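Data block below; observations after.
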Amino acid sequence: MTAETQHATHAGAVDAAQEAMGCTAYSWSPEVHDLYGDPETIIRKMDGMDMELADRRIFVLLTESANGADIRFFERVGDGEYVVSTWSGDAAAGLVGRLADTILGNKGVHCVGEQVRAMLSEYDLEPIGTVPAPANARAAFAHTVRGHGEGTFTRATAALLC
């Protein structure tokens with residue numbers, strides 16, 4: 001094994017260890033924010049929140065209105081890159097409650113992002129692409145929130161996981 005290969009292997013192990021430490025800390029302290037109003041009101045509320053999205057490995061946005069429901073699942077796959085997977089449908093009845101039950105039932109023991117991913121598996125999330133780490137919640141979520149229509153009363157639930 002060359003010195004370069006050893007260094008790359010060690011760097012990968014250090015990155016994995018740092019990610020596991022971050023996952024452990026965030027699994028003990030996930031956050032879920034429910035915001036209501038028309039899309040611009042919700043986005044304005046998000047602007048006032050530091051969600052630390054670029055520090056998290058997995059986070060989710062669920063939006064619901066009379067126009068339907070959307071799930072956006074973000075998972076870091078590389079240095080500063082996230083795969084975004086989506087689902088859209090008529091409704092996601094009870095999903096926010098199931099999300100809360102999953103987080104509470106996990107008790108900070110296992111990776112909360114993986115637990116939520118398993119809970120969402122019934123929604124057949126489709127990967128739509130890779131994006132750079134979002135600078136803030138507006139960058140990550142505004143397009144999806146606005147997709148419910150100007151002036152439409154909407155609920156946006158941001159689950160900040162691991």
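Here, A, B, ... name the chains of the structure tokens in the order displayed, residue numbers run from 1 inside each chain, and ligands are numbered from 1 in the same displayed order.
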
Run DSSP on the backbone of this structure and report the residues of chain A it assigns to alpha helix (DSSP H), as an mmCIF file with N, CA, C and O atoms, in the first residue's frame.
data_model
loop_
_atom_site.group_PDB
_atom_site.id
_atom_site.type_symbol
_atom_site.label_atom_id
_atom_site.label_comp_id
_atom_site.auth_asym_id
_atom_site.auth_seq_id
_atom_site.Cartn_x
_atom_site.Cartn_y
_atom_site.Cartn_z
ATOM 1 N N ALA A 3 1.905 5.315 0.338
ATOM 2 C CA ALA A 3 1.619 6.331 1.355
ATOM 3 C C ALA A 3 0.339 7.092 0.996
ATOM 4 O O ALA A 3 -0.457 7.424 1.881
ATOM 5 N N GLU A 4 0.124 7.355 -0.314
ATOM 6 C CA GLU A 4 -1.086 8.064 -0.746
ATOM 7 C C GLU A 4 -2.336 7.244 -0.465
ATOM 8 O O GLU A 4 -3.351 7.761 -0.004
ATOM 9 N N THR A 5 -2.272 5.931 -0.729
ATOM 10 C CA THR A 5 -3.413 5.053 -0.469
ATOM 11 C C THR A 5 -3.695 4.979 1.018
ATOM 12 O O THR A 5 -4.846 5.035 1.452
ATOM 13 N N GLN A 6 -2.619 4.873 1.828
ATOM 14 C CA GLN A 6 -2.794 4.842 3.279
ATOM 15 C C GLN A 6 -3.438 6.135 3.772
ATOM 16 O O GLN A 6 -4.323 6.113 4.619
ATOM 17 N N HIS A 7 -2.976 7.262 3.238
ATOM 18 C CA HIS A 7 -3.536 8.563 3.642
ATOM 19 C C HIS A 7 -5.013 8.656 3.254
ATOM 20 O O HIS A 7 -5.842 9.088 4.049
ATOM 21 N N ALA A 8 -5.351 8.243 2.035
ATOM 22 C CA ALA A 8 -6.749 8.297 1.587
ATOM 23 C C ALA A 8 -7.624 7.375 2.434
ATOM 24 O O ALA A 8 -8.743 7.736 2.799
ATOM 25 N N THR A 9 -7.109 6.178 2.754
ATOM 26 C CA THR A 9 -7.867 5.248 3.586
ATOM 27 C C THR A 9 -8.068 5.838 4.975
ATOM 28 O O THR A 9 -9.170 5.795 5.531
ATOM 29 N N HIS A 10 -7.012 6.424 5.542
ATOM 30 C CA HIS A 10 -7.117 7.050 6.864
ATOM 31 C C HIS A 10 -8.084 8.231 6.826
ATOM 32 O O HIS A 10 -8.925 8.383 7.718
ATOM 33 N N ALA A 11 -8.016 9.042 5.780
ATOM 34 C CA ALA A 11 -8.918 10.195 5.658
ATOM 35 C C ALA A 11 -10.364 9.733 5.566
ATOM 36 O O ALA A 11 -11.247 10.330 6.180
ATOM 37 N N GLY A 12 -10.609 8.659 4.814
ATOM 38 C CA GLY A 12 -11.968 8.115 4.712
ATOM 39 C C GLY A 12 -12.470 7.621 6.048
ATOM 40 O O GLY A 12 -13.624 7.826 6.415
ATOM 41 N N ALA A 13 -11.587 6.962 6.803
ATOM 42 C CA ALA A 13 -11.970 6.465 8.131
ATOM 43 C C ALA A 13 -12.248 7.623 9.071
ATOM 44 O O ALA A 13 -13.190 7.577 9.872
ATOM 45 N N VAL A 14 -11.444 8.674 8.997
ATOM 46 C CA VAL A 14 -11.665 9.858 9.844
ATOM 47 C C VAL A 14 -12.992 10.511 9.480
ATOM 48 O O VAL A 14 -13.785 10.854 10.362
ATOM 49 N N ASP A 15 -13.290 10.657 8.170
ATOM 50 C CA ASP A 15 -14.565 11.237 7.736
ATOM 51 C C ASP A 15 -15.733 10.410 8.241
ATOM 52 O O ASP A 15 -16.727 10.947 8.721
ATOM 53 N N ALA A 16 -15.641 9.085 8.136
ATOM 54 C CA ALA A 16 -16.715 8.201 8.600
ATOM 55 C C ALA A 16 -16.886 8.332 10.109
ATOM 56 O O ALA A 16 -18.011 8.364 10.618
ATOM 57 N N ALA A 17 -15.768 8.416 10.846
ATOM 58 C CA ALA A 17 -15.850 8.554 12.300
ATOM 59 C C ALA A 17 -16.476 9.891 12.674
ATOM 60 O O ALA A 17 -17.314 9.972 13.578
ATOM 61 N N GLN A 18 -16.083 10.967 11.984
ATOM 62 C CA GLN A 18 -16.674 12.281 12.259
ATOM 63 C C GLN A 18 -18.158 12.280 11.940
ATOM 64 O O GLN A 18 -18.963 12.834 12.681
ATOM 65 N N GLU A 19 -18.550 11.643 10.834
ATOM 66 C CA GLU A 19 -19.954 11.572 10.467
ATOM 67 C C GLU A 19 -20.737 10.785 11.504
ATOM 68 O O GLU A 19 -21.839 11.173 11.891
ATOM 69 N N ALA A 20 -20.175 9.686 11.990
ATOM 70 C CA ALA A 20 -20.852 8.887 13.014
ATOM 71 C C ALA A 20 -21.022 9.686 14.296
ATOM 72 O O ALA A 20 -22.070 9.628 14.943
ATOM 73 N N MET A 21 -20.010 10.482 14.673
ATOM 74 C CA MET A 21 -20.126 11.312 15.876
ATOM 75 C C MET A 21 -21.227 12.350 15.689
ATOM 76 O O MET A 21 -22.030 12.581 16.595
ATOM 77 N N GLY A 22 -21.272 12.973 14.513
ATOM 78 C CA GLY A 22 -22.315 13.957 14.233
ATOM 79 C C GLY A 22 -23.681 13.317 14.220
ATOM 80 O O GLY A 22 -24.652 13.864 14.750
ATOM 81 N N CYS A 23 -23.783 12.113 13.642
ATOM 82 C CA CYS A 23 -25.050 11.389 13.588
ATOM 83 C C CYS A 23 -25.524 11.073 15.001
ATOM 84 O O CYS A 23 -26.699 11.223 15.331
ATOM 85 N N THR A 24 -24.592 10.639 15.855
ATOM 86 C CA THR A 24 -24.947 10.318 17.238
ATOM 87 C C THR A 24 -25.459 11.560 17.957
ATOM 88 O O THR A 24 -26.502 11.515 18.622
ATOM 89 N N ALA A 25 -24.770 12.675 17.814
ATOM 90 C CA ALA A 25 -25.184 13.904 18.492
ATOM 91 C C ALA A 25 -26.539 14.387 17.980
ATOM 92 O O ALA A 25 -27.421 14.729 18.775
ATOM 93 N N TYR A 26 -26.730 14.403 16.671
ATOM 94 C CA TYR A 26 -27.992 14.882 16.114
ATOM 95 C C TYR A 26 -29.140 13.893 16.341
ATOM 96 O O TYR A 26 -30.288 14.297 16.454
ATOM 97 N N SER A 27 -28.834 12.596 16.414
ATOM 98 C CA SER A 27 -29.894 11.620 16.688
ATOM 99 C C SER A 27 -30.450 11.815 18.095
ATOM 100 O O SER A 27 -31.603 11.495 18.360
ATOM 101 N N TRP A 28 -29.630 12.340 18.975
ATOM 102 C CA TRP A 28 -30.085 12.624 20.334
ATOM 103 C C TRP A 28 -30.859 13.943 20.382
ATOM 104 O O TRP A 28 -31.673 14.161 21.281
ATOM 105 N N PRO A 39 -47.222 30.268 1.190
ATOM 106 C CA PRO A 39 -45.809 29.955 0.955
ATOM 107 C C PRO A 39 -44.832 31.076 1.319
ATOM 108 O O PRO A 39 -43.798 30.810 1.938
ATOM 109 N N GLU A 40 -45.151 32.310 0.968
ATOM 110 C CA GLU A 40 -44.200 33.391 1.275
ATOM 111 C C GLU A 40 -44.067 33.618 2.773
ATOM 112 O O GLU A 40 -42.976 33.933 3.272
ATOM 113 N N THR A 41 -45.149 33.443 3.519
ATOM 114 C CA THR A 41 -45.082 33.570 4.975
ATOM 115 C C THR A 41 -44.204 32.475 5.562
ATOM 116 O O THR A 41 -43.373 32.720 6.441
ATOM 117 N N ILE A 42 -44.377 31.254 5.072
ATOM 118 C CA ILE A 42 -43.565 30.137 5.557
ATOM 119 C C ILE A 42 -42.089 30.373 5.257
ATOM 120 O O ILE A 42 -41.226 30.187 6.122
ATOM 121 N N ILE A 43 -41.779 30.805 4.052
ATOM 122 C CA ILE A 43 -40.382 31.049 3.673
ATOM 123 C C ILE A 43 -39.789 32.165 4.527
ATOM 124 O O ILE A 43 -38.640 32.070 4.981
ATOM 125 N N ARG A 44 -40.554 33.195 4.782
ATOM 126 C CA ARG A 44 -40.090 34.295 5.640
ATOM 127 C C ARG A 44 -39.783 33.768 7.052
ATOM 128 O O ARG A 44 -38.791 34.149 7.665
ATOM 129 N N LYS A 45 -40.636 32.888 7.566
ATOM 130 C CA LYS A 45 -40.373 32.287 8.882
ATOM 131 C C LYS A 45 -39.090 31.460 8.846
ATOM 132 O O LYS A 45 -38.285 31.505 9.787
ATOM 133 N N MET A 46 -38.894 30.698 7.775
ATOM 134 C CA MET A 46 -37.683 29.892 7.653
ATOM 135 C C MET A 46 -36.430 30.757 7.617
ATOM 136 O O MET A 46 -35.375 30.358 8.126
ATOM 137 N N ASP A 47 -36.539 31.941 7.017
ATOM 138 C CA ASP A 47 -35.391 32.844 6.940
ATOM 139 C C ASP A 47 -34.867 33.206 8.324
ATOM 140 O O ASP A 47 -33.681 33.488 8.480
ATOM 141 N N LEU A 95 -48.734 11.551 8.425
ATOM 142 C CA LEU A 95 -47.286 11.402 8.299
ATOM 143 C C LEU A 95 -46.524 12.185 9.366
ATOM 144 O O LEU A 95 -45.551 11.690 9.921
ATOM 145 N N VAL A 96 -46.971 13.386 9.675
ATOM 146 C CA VAL A 96 -46.256 14.188 10.677
ATOM 147 C C VAL A 96 -46.306 13.489 12.039
ATOM 148 O O VAL A 96 -45.301 13.435 12.754
ATOM 149 N N GLY A 97 -47.433 12.914 12.381
ATOM 150 C CA GLY A 97 -47.538 12.168 13.632
ATOM 151 C C GLY A 97 -46.648 10.940 13.647
ATOM 152 O O GLY A 97 -46.005 10.631 14.653
ATOM 153 N N ARG A 98 -46.578 10.242 12.524
ATOM 154 C CA ARG A 98 -45.708 9.067 12.424
ATOM 155 C C ARG A 98 -44.238 9.464 12.490
ATOM 156 O O ARG A 98 -43.418 8.740 13.069
ATOM 157 N N LEU A 99 -43.918 10.619 11.935
ATOM 158 C CA LEU A 99 -42.563 11.139 12.025
ATOM 159 C C LEU A 99 -42.200 11.371 13.496
ATOM 160 O O LEU A 99 -41.147 10.940 13.965
ATOM 161 N N ALA A 100 -43.094 12.036 14.218
ATOM 162 C CA ALA A 100 -42.851 12.298 15.642
ATOM 163 C C ALA A 100 -42.734 10.990 16.418
ATOM 164 O O ALA A 100 -41.851 10.846 17.275
ATOM 165 N N ASP A 101 -43.603 10.025 16.131
ATOM 166 C CA ASP A 101 -43.548 8.733 16.820
ATOM 167 C C ASP A 101 -42.227 8.009 16.551
ATOM 168 O O ASP A 101 -41.654 7.374 17.447
ATOM 169 N N THR A 102 -41.735 8.103 15.317
ATOM 170 C CA THR A 102 -40.470 7.455 14.960
ATOM 171 C C THR A 102 -39.311 8.079 15.728
ATOM 172 O O THR A 102 -38.467 7.372 16.282
ATOM 173 N N ILE A 103 -39.283 9.402 15.787
ATOM 174 C CA ILE A 103 -38.208 10.093 16.507
ATOM 175 C C ILE A 103 -38.283 9.770 17.993
ATOM 176 O O ILE A 103 -37.265 9.435 18.622
ATOM 177 N N LEU A 104 -39.461 9.852 18.566
ATOM 178 C CA LEU A 104 -39.624 9.584 19.989
ATOM 179 C C LEU A 104 -39.311 8.119 20.315
ATOM 180 O O LEU A 104 -38.629 7.825 21.300
ATOM 181 N N GLY A 105 -39.774 7.211 19.484
ATOM 182 C CA GLY A 105 -39.504 5.795 19.700
ATOM 183 C C GLY A 105 -38.036 5.443 19.570
ATOM 184 O O GLY A 105 -37.552 4.500 20.212
ATOM 185 N N ASN A 106 -37.294 6.185 18.769
ATOM 186 C CA ASN A 106 -35.868 5.936 18.590
ATOM 187 C C ASN A 106 -35.074 6.281 19.854
ATOM 188 O O ASN A 106 -34.052 5.678 20.134
ATOM 189 N N VAL A 112 -31.255 8.476 13.668
ATOM 190 C CA VAL A 112 -32.637 8.913 13.473
ATOM 191 C C VAL A 112 -32.950 9.133 11.987
ATOM 192 O O VAL A 112 -34.073 8.921 11.550
ATOM 193 N N GLY A 113 -31.957 9.520 11.210
ATOM 194 C CA GLY A 113 -32.170 9.678 9.773
ATOM 195 C C GLY A 113 -32.497 8.358 9.104
ATOM 196 O O GLY A 113 -33.387 8.273 8.255
ATOM 197 N N GLU A 114 -31.790 7.312 9.484
ATOM 198 C CA GLU A 114 -32.055 5.988 8.926
ATOM 199 C C GLU A 114 -33.420 5.474 9.372
ATOM 200 O O GLU A 114 -34.119 4.819 8.600
ATOM 201 N N GLN A 115 -33.800 5.759 10.608
ATOM 202 C CA GLN A 115 -35.101 5.334 11.110
ATOM 203 C C GLN A 115 -36.221 6.013 10.324
ATOM 204 O O GLN A 115 -37.212 5.380 9.948
ATOM 205 N N VAL A 116 -36.066 7.307 10.055
ATOM 206 C CA VAL A 116 -37.079 8.038 9.295
ATOM 207 C C VAL A 116 -37.093 7.566 7.845
ATOM 208 O O VAL A 116 -38.154 7.424 7.243
ATOM 209 N N ARG A 117 -35.927 7.290 7.281
ATOM 210 C CA ARG A 117 -35.881 6.764 5.907
ATOM 211 C C ARG A 117 -36.700 5.476 5.819
ATOM 212 O O ARG A 117 -37.491 5.292 4.897
ATOM 213 N N ALA A 118 -36.538 4.584 6.784
ATOM 214 C CA ALA A 118 -37.290 3.327 6.790
ATOM 215 C C ALA A 118 -38.788 3.597 6.903
ATOM 216 O O ALA A 118 -39.594 2.961 6.214
ATOM 217 N N MET A 119 -39.167 4.550 7.741
ATOM 218 C CA MET A 119 -40.581 4.894 7.905
ATOM 219 C C MET A 119 -41.167 5.442 6.604
ATOM 220 O O MET A 119 -42.309 5.202 6.263
ATOM 221 N N LEU A 120 -40.359 6.183 5.844
ATOM 222 C CA LEU A 120 -40.823 6.791 4.591
ATOM 223 C C LEU A 120 -40.779 5.828 3.401
ATOM 224 O O LEU A 120 -41.231 6.180 2.308
ATOM 225 N N ALA A 137 -32.267 27.457 4.708
ATOM 226 C CA ALA A 137 -33.553 26.792 4.474
ATOM 227 C C ALA A 137 -34.234 27.316 3.208
ATOM 228 O O ALA A 137 -34.865 26.546 2.489
ATOM 229 N N ARG A 138 -34.133 28.597 2.928
ATOM 230 C CA ARG A 138 -34.735 29.151 1.712
ATOM 231 C C ARG A 138 -34.176 28.445 0.476
ATOM 232 O O ARG A 138 -34.907 28.048 -0.420
ATOM 233 N N ALA A 139 -32.851 28.285 0.451
ATOM 234 C CA ALA A 139 -32.215 27.640 -0.699
ATOM 235 C C ALA A 139 -32.680 26.190 -0.849
ATOM 236 O O ALA A 139 -32.863 25.708 -1.961
ATOM 237 N N ALA A 140 -32.878 25.506 0.266
ATOM 238 C CA ALA A 140 -33.269 24.100 0.217
ATOM 239 C C ALA A 140 -34.751 23.901 -0.055
ATOM 240 O O ALA A 140 -35.132 22.973 -0.768
ATOM 241 N N PHE A 141 -35.604 24.770 0.511
ATOM 242 C CA PHE A 141 -37.023 24.464 0.590
ATOM 243 C C PHE A 141 -37.970 25.396 -0.165
ATOM 244 O O PHE A 141 -39.128 25.045 -0.385
ATOM 245 N N ALA A 142 -37.532 26.585 -0.544
ATOM 246 C CA ALA A 142 -38.469 27.580 -1.093
ATOM 247 C C ALA A 142 -39.202 27.082 -2.328
ATOM 248 O O ALA A 142 -40.415 27.293 -2.460
ATOM 249 N N HIS A 143 -38.517 26.424 -3.231
ATOM 250 C CA HIS A 143 -39.153 25.963 -4.470
ATOM 251 C C HIS A 143 -40.310 25.013 -4.169
ATOM 252 O O HIS A 143 -41.394 25.132 -4.751
ATOM 253 N N THR A 144 -40.084 24.089 -3.252
ATOM 254 C CA THR A 144 -41.121 23.116 -2.897
ATOM 255 C C THR A 144 -42.299 23.794 -2.211
ATOM 256 O O THR A 144 -43.457 23.507 -2.522
ATOM 257 N N VAL A 145 -42.011 24.694 -1.292
ATOM 258 C CA VAL A 145 -43.087 25.405 -0.580
ATOM 259 C C VAL A 145 -43.900 26.236 -1.565
ATOM 260 O O VAL A 145 -45.137 26.206 -1.550
ATOM 261 N N ARG A 146 -43.226 26.952 -2.447
ATOM 262 C CA ARG A 146 -43.936 27.780 -3.434
ATOM 263 C C ARG A 146 -44.750 26.941 -4.412
ATOM 264 O O ARG A 146 -45.720 27.414 -4.988
#

Could you pull the residues within 7 Å of Asp70 (chain A), counting only C-alpha atoms, minus those fewer than 6 positions along the same chain, as a PyMOL selection string?
chain A and resi 62-64+87-89

Every residue of region 62-136 of chain A that DSSP places in strand (DSSP E or B), as a ChimeraX atom specification:
/A:62-65,68-78,81-89,126-132

Only C-alpha atoms, please: the residues just picked out, written as an mmCIF file, in the first residue's frame.
data_model
loop_
_atom_site.group_PDB
_atom_site.id
_atom_site.type_symbol
_atom_site.label_atom_id
_atom_site.label_comp_id
_atom_site.auth_asym_id
_atom_site.auth_seq_id
_atom_site.Cartn_x
_atom_site.Cartn_y
_atom_site.Cartn_z
ATOM 1 C CA LEU A 62 -42.984 17.639 4.093
ATOM 2 C CA THR A 63 -45.407 20.179 2.610
ATOM 3 C CA GLU A 64 -49.177 19.822 2.647
ATOM 4 C CA SER A 65 -52.056 21.931 1.370
ATOM 5 C CA GLY A 68 -51.536 17.956 -2.352
ATOM 6 C CA ALA A 69 -48.536 16.782 -0.407
ATOM 7 C CA ASP A 70 -44.821 16.610 -1.143
ATOM 8 C CA ILE A 71 -41.880 14.935 0.540
ATOM 9 C CA ARG A 72 -38.304 16.050 -0.135
ATOM 10 C CA PHE A 73 -35.651 13.789 1.413
ATOM 11 C CA PHE A 74 -32.090 15.164 1.456
ATOM 12 C CA GLU A 75 -29.106 12.899 2.126
ATOM 13 C CA ARG A 76 -25.453 13.928 2.030
ATOM 14 C CA VAL A 77 -23.541 11.626 -0.314
ATOM 15 C CA GLY A 78 -20.247 13.395 -0.671
ATOM 16 C CA GLU A 81 -23.362 17.206 -1.970
ATOM 17 C CA TYR A 82 -26.847 15.910 -1.282
ATOM 18 C CA VAL A 83 -29.066 13.528 -3.204
ATOM 19 C CA VAL A 84 -32.652 14.790 -3.210
ATOM 20 C CA SER A 85 -35.443 12.228 -3.401
ATOM 21 C CA THR A 86 -39.092 13.186 -3.801
ATOM 22 C CA TRP A 87 -42.640 11.984 -3.588
ATOM 23 C CA SER A 88 -45.851 13.869 -4.427
ATOM 24 C CA GLY A 89 -49.448 12.821 -3.932
ATOM 25 C CA GLU A 126 -37.585 8.869 -6.360
ATOM 26 C CA PRO A 127 -34.077 10.388 -6.559
ATOM 27 C CA ILE A 128 -34.193 13.488 -8.757
ATOM 28 C CA GLY A 129 -30.588 14.609 -8.592
ATOM 29 C CA THR A 130 -27.648 15.850 -6.600
ATOM 30 C CA VAL A 131 -27.404 19.389 -5.274
ATOM 31 C CA PRO A 132 -24.730 21.329 -3.404
#
